[in-house]
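Source file: coords-v8.txt. Holds: compact mmCIF, C-alpha atoms and all ligand atoms.
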```txt
# COMPACT_ATOMS: atom_id res chain seq x y z
CA MET A 296 74.64 87.66 113.22
CA LYS A 297 75.36 85.20 110.41
CA ALA A 298 78.90 85.24 109.02
CA ILE A 299 81.32 83.17 106.96
CA VAL A 300 84.18 82.24 109.27
CA GLN A 301 87.28 80.04 109.22
CA ASP A 302 89.43 78.68 112.05
CA ALA A 303 92.35 77.59 109.87
CA TYR A 304 93.94 78.62 106.58
CA GLY A 305 93.05 76.39 103.64
CA SER A 306 90.83 75.83 100.60
CA ALA A 307 87.18 76.94 100.43
CA ASP A 308 86.35 73.84 102.52
CA VAL A 309 87.53 75.67 105.67
CA LEU A 310 84.75 78.27 105.33
CA GLU A 311 81.63 77.84 107.49
CA LEU A 312 78.41 79.79 107.95
CA ARG A 313 78.02 80.44 111.69
CA ASP A 314 76.19 82.66 114.18
CA ILE A 315 78.67 84.99 115.85
CA ALA A 316 78.56 88.26 117.82
CA LYS A 317 78.17 91.53 115.90
CA PRO A 318 81.49 93.42 115.58
CA THR A 319 82.20 96.24 117.98
CA ILE A 320 83.50 99.47 116.44
CA GLY A 321 86.26 101.88 117.43
CA ASP A 322 85.94 105.67 117.64
CA ASP A 323 86.94 106.18 113.98
CA GLU A 324 84.93 103.24 112.66
CA VAL A 325 81.52 102.65 111.13
CA LEU A 326 79.29 99.61 111.62
CA VAL A 327 77.84 98.72 108.21
CA ARG A 328 74.70 96.63 107.75
CA VAL A 329 76.04 94.64 104.81
CA HIS A 330 73.81 94.35 101.74
CA ALA A 331 76.49 92.96 99.44
CA ALA A 332 80.16 92.00 99.56
CA GLY A 333 82.69 91.81 96.75
CA VAL A 334 84.92 88.80 96.10
CA ASP A 335 88.44 89.72 95.07
CA ARG A 336 91.74 87.86 94.84
CA GLY A 337 92.88 89.30 98.15
CA VAL A 338 90.11 87.41 99.95
CA TRP A 339 91.41 84.17 98.42
CA HIS A 340 94.89 85.01 99.73
CA LEU A 341 93.51 85.65 103.23
CA MET A 342 91.50 82.41 103.11
CA THR A 343 94.48 80.26 102.10
CA GLY A 344 97.17 82.19 103.98
CA GLN A 345 99.15 82.20 100.70
CA ALA A 346 101.59 83.77 100.04
CA TYR A 347 103.17 83.35 103.49
CA LEU A 348 104.31 86.97 103.44
CA ILE A 349 100.73 88.10 104.16
CA ARG A 350 100.68 86.07 107.39
CA LEU A 351 103.69 88.08 108.56
CA ALA A 352 101.96 91.29 107.51
CA GLY A 353 99.66 90.96 110.52
CA TYR A 354 96.91 88.65 109.29
CA GLY A 355 97.91 85.80 111.62
CA VAL A 356 100.88 83.43 111.37
CA ARG A 357 99.22 80.09 112.26
CA ARG A 358 95.56 80.92 111.70
CA PRO A 359 93.62 83.99 110.52
CA ARG A 360 93.62 86.67 113.22
CA ASN A 361 90.18 87.81 112.03
CA PRO A 362 88.17 84.63 111.32
CA VAL A 363 85.48 86.42 109.26
CA ARG A 364 86.29 86.64 105.54
CA GLY A 365 85.40 89.36 103.05
CA ARG A 366 86.68 92.93 102.74
CA GLU A 367 84.80 94.78 99.99
CA VAL A 368 81.48 95.99 101.35
CA ALA A 369 78.35 97.90 100.32
CA GLY A 370 75.49 98.57 102.68
CA ARG A 371 73.86 101.02 105.09
CA VAL A 372 75.47 102.68 108.07
CA GLU A 373 74.07 101.12 111.25
CA ALA A 374 76.15 103.01 113.82
CA THR A 375 79.19 105.30 113.98
CA GLY A 376 82.10 105.76 116.40
CA LYS A 377 82.31 109.04 118.30
CA ASP A 378 85.00 110.56 116.00
CA VAL A 379 83.15 109.79 112.75
CA THR A 380 81.94 112.97 111.01
CA ARG A 381 81.28 112.01 107.37
CA PHE A 382 78.57 109.40 107.87
CA GLN A 383 75.41 108.87 109.88
CA PRO A 384 73.04 105.94 110.39
CA GLY A 385 71.04 105.16 107.27
CA ASP A 386 73.66 106.41 104.75
CA GLU A 387 74.33 104.08 101.82
CA VAL A 388 78.07 103.42 101.61
CA MET A 389 80.72 101.32 99.90
CA GLY A 390 84.30 100.69 100.89
CA THR A 391 86.82 98.33 102.43
CA GLY A 392 86.01 96.81 105.80
CA GLU A 393 86.90 93.79 107.86
CA GLY A 394 84.69 90.70 107.63
CA SER A 395 82.14 91.67 104.97
CA PHE A 396 80.88 88.11 104.36
CA ALA A 397 78.52 88.76 107.28
CA GLU A 398 75.35 90.63 108.18
CA TYR A 399 77.41 93.42 109.78
CA ALA A 400 80.99 94.57 109.18
CA ARG A 401 83.16 97.30 110.61
CA ALA A 402 85.09 99.74 108.45
CA ARG A 403 87.28 102.76 109.08
CA GLU A 404 85.57 106.00 108.13
CA ASP A 405 88.43 106.95 105.78
CA LYS A 406 88.02 103.72 103.80
CA LEU A 407 84.35 104.39 103.01
CA ALA A 408 82.53 106.63 100.54
CA PRO A 409 78.89 107.22 99.63
CA LYS A 410 77.55 104.50 97.31
CA PRO A 411 77.22 105.68 93.67
CA ALA A 412 73.55 106.55 93.13
CA ASN A 413 73.30 104.55 89.88
CA LEU A 414 74.67 101.25 91.27
CA THR A 415 72.96 98.39 93.07
CA PHE A 416 74.60 97.25 96.31
CA GLU A 417 76.01 94.21 94.44
CA GLN A 418 77.61 96.44 91.80
CA ALA A 419 78.94 98.84 94.44
CA ALA A 420 80.47 95.95 96.40
CA ALA A 421 82.62 95.10 93.37
CA VAL A 422 84.27 98.52 93.36
CA PRO A 423 86.31 99.19 96.53
CA ILE A 424 89.46 97.10 96.13
CA SER A 425 89.39 96.12 92.45
CA ALA A 426 88.49 99.53 91.00
CA SER A 427 90.70 101.53 93.32
CA THR A 428 93.66 99.26 92.47
CA ALA A 429 92.90 99.82 88.77
CA LEU A 430 92.63 103.60 89.34
CA GLN A 431 96.02 103.77 91.03
CA ALA A 432 97.59 101.61 88.30
CA VAL A 433 96.17 103.59 85.39
CA ARG A 434 96.07 107.15 86.77
CA ASP A 435 98.80 107.38 89.41
CA LYS A 436 101.44 104.86 88.37
CA GLY A 437 100.77 104.61 84.63
CA GLN A 438 99.87 108.32 84.29
CA VAL A 439 97.84 107.41 81.22
CA GLN A 440 97.30 110.37 78.85
CA PRO A 441 94.86 110.85 75.96
CA GLY A 442 96.03 109.19 72.75
CA GLN A 443 98.48 106.83 74.44
CA LYS A 444 98.53 103.13 73.58
CA VAL A 445 97.83 101.07 76.69
CA LEU A 446 98.08 97.29 77.10
CA ILE A 447 96.13 95.63 79.94
CA ILE A 448 97.34 92.08 80.68
CA GLY A 449 94.63 90.32 82.72
CA ALA A 450 91.87 92.50 81.27
CA SER A 451 89.03 90.08 82.03
CA GLY A 452 89.42 89.90 85.83
CA GLY A 453 88.34 92.00 88.79
CA VAL A 454 91.06 94.64 88.47
CA GLY A 455 91.40 94.33 84.69
CA THR A 456 87.77 95.06 83.79
CA PHE A 457 88.05 98.35 85.69
CA ALA A 458 91.51 99.10 84.26
CA VAL A 459 90.23 98.78 80.67
CA GLN A 460 87.37 101.19 81.33
CA LEU A 461 89.54 103.67 83.24
CA ALA A 462 92.21 103.76 80.53
CA LYS A 463 89.45 104.40 77.97
CA ALA A 464 87.96 107.11 80.21
CA PHE A 465 91.39 108.81 80.28
CA GLY A 466 91.44 108.83 76.46
CA ALA A 467 93.80 105.95 75.68
CA GLU A 468 93.70 103.42 72.86
CA VAL A 469 93.33 100.20 74.84
CA THR A 470 94.39 96.64 74.05
CA GLY A 471 93.26 93.95 76.50
CA VAL A 472 94.82 90.50 76.92
CA SER A 473 92.59 87.59 77.98
CA SER A 474 91.77 83.93 77.37
CA THR A 475 89.49 82.91 74.50
CA ALA A 476 86.35 82.57 76.65
CA LYS A 477 86.58 86.15 77.89
CA VAL A 478 87.53 88.00 74.68
CA ASP A 479 83.88 89.06 74.20
CA LEU A 480 83.73 90.47 77.74
CA VAL A 481 86.88 92.57 77.26
CA ARG A 482 85.55 93.91 73.97
CA SER A 483 82.14 94.67 75.51
CA ILE A 484 83.66 96.91 78.20
CA GLY A 485 85.29 99.09 75.58
CA ALA A 486 88.72 97.68 74.67
CA ASP A 487 89.70 98.80 71.16
CA HIS A 488 91.65 95.58 70.55
CA VAL A 489 91.78 92.22 72.34
CA ILE A 490 94.64 89.73 72.24
CA ASP A 491 93.67 86.12 73.03
CA TYR A 492 96.80 84.95 74.82
CA THR A 493 96.15 81.31 73.92
CA ARG A 494 96.62 82.21 70.25
CA GLU A 495 98.89 85.24 70.16
CA ASP A 496 101.77 86.57 72.25
CA PHE A 497 101.40 90.28 73.01
CA ALA A 498 105.21 90.61 72.91
CA ALA A 499 105.37 89.15 69.41
CA THR A 500 103.05 91.70 67.79
CA PRO A 501 104.58 94.76 66.07
CA ASP A 502 102.68 97.12 68.44
CA ARG A 503 104.61 99.04 71.10
CA PHE A 504 102.75 100.40 74.11
CA ASP A 505 103.27 103.62 76.09
CA VAL A 506 101.85 101.99 79.21
CA ILE A 507 101.41 98.33 80.18
CA ILE A 508 99.24 97.44 83.18
CA ASP A 509 100.56 93.98 84.08
CA ILE A 510 97.85 92.35 86.24
CA ALA A 511 98.13 88.64 85.41
CA GLY A 512 100.17 85.99 83.67
CA ASN A 513 103.58 86.99 85.10
CA PRO A 514 105.22 88.00 81.81
CA SER A 515 109.01 87.98 81.90
CA LEU A 516 111.02 91.18 82.03
CA SER A 517 112.18 90.73 78.44
CA ARG A 518 108.61 90.26 77.10
CA LEU A 519 107.37 93.32 78.96
CA ARG A 520 110.28 95.45 77.75
CA ARG A 521 109.85 94.25 74.15
CA ALA A 522 106.20 95.38 74.14
CA LEU A 523 106.98 98.82 75.62
CA THR A 524 108.05 101.92 73.72
CA ALA A 525 111.63 103.10 74.40
CA THR A 526 110.45 105.29 77.28
CA GLY A 527 107.25 103.41 78.17
CA THR A 528 105.98 102.48 81.64
CA ALA A 529 105.01 99.03 82.93
CA VAL A 530 102.92 98.98 86.10
CA VAL A 531 103.34 95.57 87.75
CA THR A 532 100.05 95.20 89.60
CA GLY A 533 99.58 91.49 90.27
CA GLY A 534 100.10 87.91 89.17
CA GLU A 535 99.39 84.56 90.74
CA GLU A 536 102.32 82.34 89.82
CA GLY A 537 104.84 83.98 92.09
CA GLY A 538 105.53 81.20 94.63
CA SER A 539 104.17 80.44 98.08
CA LEU A 540 106.61 82.58 100.08
CA THR A 541 106.38 86.06 98.53
CA GLY A 542 103.65 85.59 95.90
CA GLY A 543 105.77 87.32 93.28
CA MET A 544 106.95 90.32 95.28
CA ASN A 545 110.55 89.35 94.43
CA ARG A 546 109.72 89.55 90.70
CA GLN A 547 108.16 92.97 91.17
CA LEU A 548 111.02 94.30 93.29
CA GLY A 549 113.54 92.93 90.76
CA PHE A 550 111.81 94.88 87.98
CA VAL A 551 111.91 98.07 90.04
CA ILE A 552 115.66 97.69 90.54
CA VAL A 553 116.24 97.04 86.81
CA SER A 554 114.20 100.17 86.13
CA LEU A 555 116.93 102.28 87.75
CA PHE A 556 119.30 101.41 84.88
CA ILE A 557 117.08 101.68 81.79
CA ARG A 558 115.00 104.36 80.05
CA GLN A 559 111.77 102.38 80.36
CA ARG A 560 110.00 102.71 83.72
CA LEU A 561 108.99 99.54 85.62
CA THR A 562 106.97 100.24 88.71
CA MET A 563 104.78 98.52 91.31
CA PHE A 564 102.49 99.56 94.15
CA ILE A 565 100.28 98.31 96.97
CA ASN A 566 96.64 99.41 96.74
CA LYS A 567 95.92 102.34 99.06
CA GLU A 568 92.42 101.86 100.47
CA SER A 569 91.15 105.41 100.56
CA GLY A 570 87.74 107.03 100.51
CA SER A 571 89.02 109.80 98.22
CA ASN A 572 89.88 107.28 95.48
CA LEU A 573 86.37 105.85 95.88
CA GLU A 574 84.89 109.34 95.50
CA ARG A 575 86.81 109.83 92.23
CA LEU A 576 85.54 106.44 91.04
CA THR A 577 81.99 107.46 91.95
CA GLU A 578 82.31 110.53 89.69
CA LEU A 579 83.36 108.30 86.79
CA ILE A 580 80.66 105.73 87.56
CA GLU A 581 77.89 108.32 87.84
CA ALA A 582 79.13 109.92 84.58
CA GLY A 583 78.61 106.51 82.91
CA LYS A 584 82.31 106.06 82.10
CA VAL A 585 82.92 103.05 84.35
CA MET A 586 80.56 100.20 85.30
CA PRO A 587 81.34 97.12 87.40
CA SER A 588 81.16 93.85 85.42
CA ILE A 589 79.30 91.42 87.64
CA ASP A 590 79.47 87.81 86.44
CA ARG A 591 76.94 86.52 89.00
CA THR A 592 75.87 86.84 92.63
CA TYR A 593 75.79 84.21 95.39
CA PRO A 594 73.88 84.15 98.70
CA LEU A 595 75.95 84.21 101.90
CA ASP A 596 75.77 80.45 102.51
CA GLN A 597 77.29 79.82 99.06
CA VAL A 598 80.48 81.82 99.63
CA PRO A 599 82.56 78.59 99.44
CA ASP A 600 81.20 77.98 95.91
CA ALA A 601 82.00 81.57 94.98
CA MET A 602 85.59 81.11 96.19
CA ARG A 603 85.91 77.84 94.23
CA GLN A 604 84.69 79.62 91.09
CA LEU A 605 87.33 82.34 91.59
CA ASP A 606 90.02 79.74 92.26
CA ALA A 607 89.12 77.92 89.04
CA GLY A 608 89.68 81.12 87.03
CA LYS A 609 86.11 81.01 85.74
CA VAL A 610 84.94 84.44 86.90
CA ARG A 611 84.30 87.06 84.22
CA GLY A 612 84.92 90.39 85.93
CA LYS A 613 83.65 90.05 89.50
CA ILE A 614 81.28 88.09 91.65
CA ALA A 615 79.32 89.55 94.55
CA ILE A 616 77.76 88.05 97.66
CA THR A 617 74.20 89.14 98.45
CA ILE A 618 73.39 89.36 102.14
N1 LIG B 701 98.95 95.75 93.79
C1 LIG B 701 97.92 95.59 94.58
O1 LIG B 701 97.79 96.24 95.64
C2 LIG B 701 96.83 94.62 94.20
C3 LIG B 701 95.49 94.87 94.53
C4 LIG B 701 94.51 93.98 94.11
C5 LIG B 701 94.87 92.84 93.38
N2 LIG B 701 96.18 92.61 93.13
C6 LIG B 701 96.60 91.41 92.39
O2 LIG B 701 96.18 91.57 91.04
C7 LIG B 701 95.97 90.30 90.47
C8 LIG B 701 94.62 90.28 89.78
O3 LIG B 701 93.60 90.43 90.75
P1 LIG B 701 92.10 90.29 90.29
O4 LIG B 701 91.26 90.54 91.48
O5 LIG B 701 91.85 91.05 89.04
O6 LIG B 701 92.08 88.72 89.94
P2 LIG B 701 91.04 87.91 89.07
O7 LIG B 701 89.70 88.54 89.14
O8 LIG B 701 91.20 86.49 89.43
O9 LIG B 701 91.54 88.16 87.57
C9 LIG B 701 92.73 87.68 87.08
C10 LIG B 701 92.56 87.52 85.58
O10 LIG B 701 93.81 87.15 85.04
C11 LIG B 701 93.55 86.48 83.82
N3 LIG B 701 94.74 85.73 83.42
C12 LIG B 701 95.23 84.59 83.93
N4 LIG B 701 96.35 84.23 83.26
C13 LIG B 701 96.56 85.20 82.33
C14 LIG B 701 97.54 85.41 81.32
N5 LIG B 701 98.56 84.53 81.13
N6 LIG B 701 97.46 86.50 80.54
C15 LIG B 701 96.46 87.37 80.69
N7 LIG B 701 95.47 87.23 81.61
C16 LIG B 701 95.52 86.15 82.42
C17 LIG B 701 92.33 85.65 84.11
O11 LIG B 701 91.51 85.65 82.98
P3 LIG B 701 91.55 84.63 81.78
O12 LIG B 701 90.63 83.50 82.15
O13 LIG B 701 91.06 85.46 80.65
O14 LIG B 701 92.96 84.15 81.67
C18 LIG B 701 91.59 86.44 85.20
O15 LIG B 701 90.41 87.03 84.67
C19 LIG B 701 96.10 89.29 91.60
O16 LIG B 701 97.38 88.71 91.55
C20 LIG B 701 95.93 90.12 92.84
O17 LIG B 701 96.57 89.56 93.95
C21 LIG B 701 97.17 93.48 93.51
```
Would you mind writing the file out in structure tokens?
Amino acid sequence: MKAIVQDAYGSADVLELRDIAKPTIGDDEVLVRVHAAGVDRGVWHLMTGQAYLIRLAGYGVRRPRNPVRGREVAGRVEATGKDVTRFQPGDEVMGTGEGSFAEYARAREDKLAPKPANLTFEQAAAVPISASTALQAVRDKGQVQPGQKVLIIGASGGVGTFAVQLAKAFGAEVTGVSSTAKVDLVRSIGADHVIDYTREDFAATPDRFDVIIDIAGNPSLSRLRRALTATGTAVVTGGEEGGSLTGGMNRQLGFVIVSLFIRQRLTMFINKESGSNLERLTELIEAGKVMPSIDRTYPLDQVPDAMRQLDAGKVRGKIAITI
């Protein structure tokens, strides 16, 4: 099969289109004939091997253990392992797999869900990691309630475009923070207010927020606390300026420790890749409350260009790879 592979960590230049063997699946795994793959920040981290902490987390210290890139997947079930009960060949699925920038990818049964009926494969491929991260930030960690004021920092990206729509779906009044070029996108997906961070500091406005979903920009502790209500919650979800060793985990852990001594709640989490979260997202998608924002699609051989576009910060919402 054709796949995008890399032998060493590095920039998009290390990625190559090659013919390799189809993956073999375990008893609890599904072989997916990939129709589309999503491009999320995590794939960039696995391509570059940055931050170094992820290498120690089992992805390969000197070079990628799995040379095939891509994790978000949408496609049709080709074959199932002997313990798989929820899927059969021919089913249309989406989820998180290993090596989705390829004609076939393997995925654990519990990380897959049926594809939403109203989405194309490209749209469905944008959901698994980005939308489920947003769901856990908004619903589980932020516990957003109707009528609350919610601030989404990084509202124009992969996670942020879902977070805005989810917070709206849960009845919040939503303010998104983005750069000038993406203000229109954030407004178009339903944000009630948009702050252009090149012109205005969210912490300098008189507004106080019940919940802040902090996805990008690495705001300082004092700026986050200033923008929160006295008992508000900040969910530290991501950020890219955190250094090459931990990628910002130290900042997040520091906030969690401070949270023990103050009335405001500062919390963080690692995305749990679960089929049940995807099923909840499917309900919201099929009800028309959430829709993936696809900037553009690329064919498999142009994955390096897609990664360069992501690296340059030019993507509005998400990009998908069509296979
Ligand atoms: N906790 C977890 O398990 C988990 C899971 C998935 C992702 N993440 C992390 O979450 C972060 C976002 O991921 P993603 O896939 O959404 O990335 P992405 O698609 O690249 O989006 C990031 C967005 O941040 C915006 N941004 C940059 N600087 C900003 C600033 N100063 N203020 C406000 N917005 C700013 C960019 O838009 P503008 O051009 O408008 O600035 C961009 O659209 C990454 O750090 C990723 O590693 C964490």
Tell me which protein, DNA and RNA residues are within 12 Å of Val585 of chain A, counting all atoms listed in the file, leaving out same-chain ones fewer than 2 positions away, and put them as an NGL selection string.
-> :A and (411 or 413-414 or 418-419 or 422 or 426-427 or 429-430 or 456-465 or 484-485 or 575-583 or 587-588)
Which residues come within 10 Å of Arg603 of chain A, counting all atoms listed in the file, excluding same-chain residues fewer than 6 positions away, as a PDB file with C-alpha atoms, keeping the file's coordinate frame?
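Result saved to selection23.pdb:
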```pdb
ATOM      1  CA  SER A 306      90.830  75.830 100.600  1.00  0.00           C
ATOM      2  CA  ALA A 307      87.180  76.940 100.430  1.00  0.00           C
ATOM      3  CA  ASP A 308      86.350  73.840 102.520  1.00  0.00           C
ATOM      4  CA  TRP A 339      91.410  84.170  98.420  1.00  0.00           C
ATOM      5  CA  LYS A 609      86.110  81.010  85.740  1.00  0.00           C
ATOM      6  CA  VAL A 610      84.940  84.440  86.900  1.00  0.00           C
TER       7      VAL A 610
END
```
Please identify the residues whose atoms come within 7 Å of ligand LIG 701 (chain B), using all atoms listed in the file, and report them as a PDB file with C-alpha atoms, in the frame of the given file.
```pdb
ATOM      1  CA  ASP A 335      88.440  89.720  95.070  1.00  0.00           C
ATOM      2  CA  ARG A 336      91.740  87.860  94.840  1.00  0.00           C
ATOM      3  CA  GLY A 337      92.880  89.300  98.150  1.00  0.00           C
ATOM      4  CA  ILE A 424      89.460  97.100  96.130  1.00  0.00           C
ATOM      5  CA  SER A 425      89.390  96.120  92.450  1.00  0.00           C
ATOM      6  CA  THR A 428      93.660  99.260  92.470  1.00  0.00           C
ATOM      7  CA  ILE A 448      97.340  92.080  80.680  1.00  0.00           C
ATOM      8  CA  GLY A 449      94.630  90.320  82.720  1.00  0.00           C
ATOM      9  CA  ALA A 450      91.870  92.500  81.270  1.00  0.00           C
ATOM     10  CA  SER A 451      89.030  90.080  82.030  1.00  0.00           C
ATOM     11  CA  GLY A 452      89.420  89.900  85.830  1.00  0.00           C
ATOM     12  CA  GLY A 453      88.340  92.000  88.790  1.00  0.00           C
ATOM     13  CA  VAL A 454      91.060  94.640  88.470  1.00  0.00           C
ATOM     14  CA  GLY A 455      91.400  94.330  84.690  1.00  0.00           C
ATOM     15  CA  VAL A 472      94.820  90.500  76.920  1.00  0.00           C
ATOM     16  CA  SER A 473      92.590  87.590  77.980  1.00  0.00           C
ATOM     17  CA  SER A 474      91.770  83.930  77.370  1.00  0.00           C
ATOM     18  CA  THR A 475      89.490  82.910  74.500  1.00  0.00           C
ATOM     19  CA  ALA A 476      86.350  82.570  76.650  1.00  0.00           C
ATOM     20  CA  LYS A 477      86.580  86.150  77.890  1.00  0.00           C
ATOM     21  CA  TYR A 492      96.800  84.950  74.820  1.00  0.00           C
ATOM     22  CA  ILE A 510      97.850  92.350  86.240  1.00  0.00           C
ATOM     23  CA  ALA A 511      98.130  88.640  85.410  1.00  0.00           C
ATOM     24  CA  GLY A 512     100.170  85.990  83.670  1.00  0.00           C
ATOM     25  CA  ASN A 513     103.580  86.990  85.100  1.00  0.00           C
ATOM     26  CA  THR A 532     100.050  95.200  89.600  1.00  0.00           C
ATOM     27  CA  GLY A 533      99.580  91.490  90.270  1.00  0.00           C
ATOM     28  CA  GLY A 534     100.100  87.910  89.170  1.00  0.00           C
ATOM     29  CA  GLU A 535      99.390  84.560  90.740  1.00  0.00           C
ATOM     30  CA  MET A 563     104.780  98.520  91.310  1.00  0.00           C
ATOM     31  CA  PHE A 564     102.490  99.560  94.150  1.00  0.00           C
ATOM     32  CA  ILE A 565     100.280  98.310  96.970  1.00  0.00           C
ATOM     33  CA  ASN A 566      96.640  99.410  96.740  1.00  0.00           C
ATOM     34  CA  LEU A 605      87.330  82.340  91.590  1.00  0.00           C
ATOM     35  CA  GLY A 608      89.680  81.120  87.030  1.00  0.00           C
ATOM     36  CA  LYS A 609      86.110  81.010  85.740  1.00  0.00           C
ATOM     37  CA  VAL A 610      84.940  84.440  86.900  1.00  0.00           C
ATOM     38  CA  ARG A 611      84.300  87.060  84.220  1.00  0.00           C
ATOM     39  CA  GLY A 612      84.920  90.390  85.930  1.00  0.00           C
ATOM     40  CA  LYS A 613      83.650  90.050  89.500  1.00  0.00           C
TER      41      LYS A 613
END
```
May I have the protein, DNA and RNA residues with an atom at most 10 Å from (69.5, 100.3, 106.0), counting only C-alpha atoms in the file's coordinates, returned as a list in words?
-> Val327, Arg328, Val329, His330, Gly370, Arg371, Val372, Glu373, Pro384, Gly385, Asp386 and Glu387 of chain A
Print the selection's residues with C-alpha atoms to a file, as a PDB file, in the coordinates of the input.
```pdb
ATOM      1  CA  VAL A 327      77.840  98.720 108.210  1.00  0.00           C
ATOM      2  CA  ARG A 328      74.700  96.630 107.750  1.00  0.00           C
ATOM      3  CA  VAL A 329      76.040  94.640 104.810  1.00  0.00           C
ATOM      4  CA  HIS A 330      73.810  94.350 101.740  1.00  0.00           C
ATOM      5  CA  GLY A 370      75.490  98.570 102.680  1.00  0.00           C
ATOM      6  CA  ARG A 371      73.860 101.020 105.090  1.00  0.00           C
ATOM      7  CA  VAL A 372      75.470 102.680 108.070  1.00  0.00           C
ATOM      8  CA  GLU A 373      74.070 101.120 111.250  1.00  0.00           C
ATOM      9  CA  PRO A 384      73.040 105.940 110.390  1.00  0.00           C
ATOM     10  CA  GLY A 385      71.040 105.160 107.270  1.00  0.00           C
ATOM     11  CA  ASP A 386      73.660 106.410 104.750  1.00  0.00           C
ATOM     12  CA  GLU A 387      74.330 104.080 101.820  1.00  0.00           C
TER      13      GLU A 387
END
```
Coordinates-based distance that separates atom CA of Ala352 of chain A from atom CA of Ala298 of chain A (Å, one decimal) =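 For atom CA of Ala298 of chain A relative to atom CA of Ala352 of chain A, the distance reads 23.9 Å.
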Scan for residues within 10 Å of the point (79.9, 100.2, 113.1) in the coordinates of the file, using all atoms listed in the file, and reply as a VMD selection string.
-> chain A and resid 317 to 328 372 to 376 384 399 to 404
Quick one: everything within 7 Å of Ser569 of chain A, counting only C-alpha atoms, minus sequence neighbours fewer than 4 positions away in the same chain. Send it as a VMD selection string.
-> chain A and resid 405 to 406 573
Find the spatial neighbours of segment 592-599 of chain A, counting only C-alpha atoms, within a cut-off of 12 Å - ignore same-chain residues fewer than 5 positions away - and output them as an MDAnalysis selection string.
-> chainID A and resid 296:301 305:314 329:334 338:339 342 363:365 395:398 415:418 420:421 604:606 610:618
Mind checking which residues fall within 12 Å of Leu516 of chain A, counting all atoms listed in the file, ignoring those fewer than 4 positions away in the same chain, and posting them as JSON, numbers by chain?
-> {"A": [498, 509, 520, 521, 522, 523, 529, 530, 531, 546, 547, 548, 549, 550, 551, 552, 553, 554, 559, 560, 561, 562]}
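Proximity ranking of A:Gly442, A:Pro514, A:Pro409, A:Pro359 relative to Gln383 of chain A places A:Pro409 first, based on all atoms listed in the file.
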Of the listed residues A:Ile490, A:Ile315, A:Leu480, A:Ile507, that which approaches Ala467 of chain A most closely, counting only C-alpha atoms = A:Ile507
Given all atoms listed in the file as the counted atoms, nearest of A:Gln443, A:Gln345, A:Gln431, A:Ser483 to Gly538 of chain A |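 Among the listed residues, the smallest separation from Gly538 of chain A belongs to A:Gln345.
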Work out how far atom CA of Thr526 of chain A is from atom CA of Arg558 of chain A, in Å to one decimal.
->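 Atom-to-atom, atom CA of Arg558 of chain A and atom CA of Thr526 of chain A are spaced 5.4 Å apart.
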Let me have the centre and edge lengths in Å, one decimal, of the box along x, y and z around every listed atom of segment 588-601 of chain A with 6 Å of margin on each side, as AutoDock Vina command-line options.
```
--center_x 78.2 --center_y 85.9 --center_z 94.0 --size_x 20.7 --size_y 27.9 --size_z 29.1
```
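Between atom CA of Val481 of chain A and atom CA of Leu446 of chain A the interatomic distance comes to 12.2 Å.
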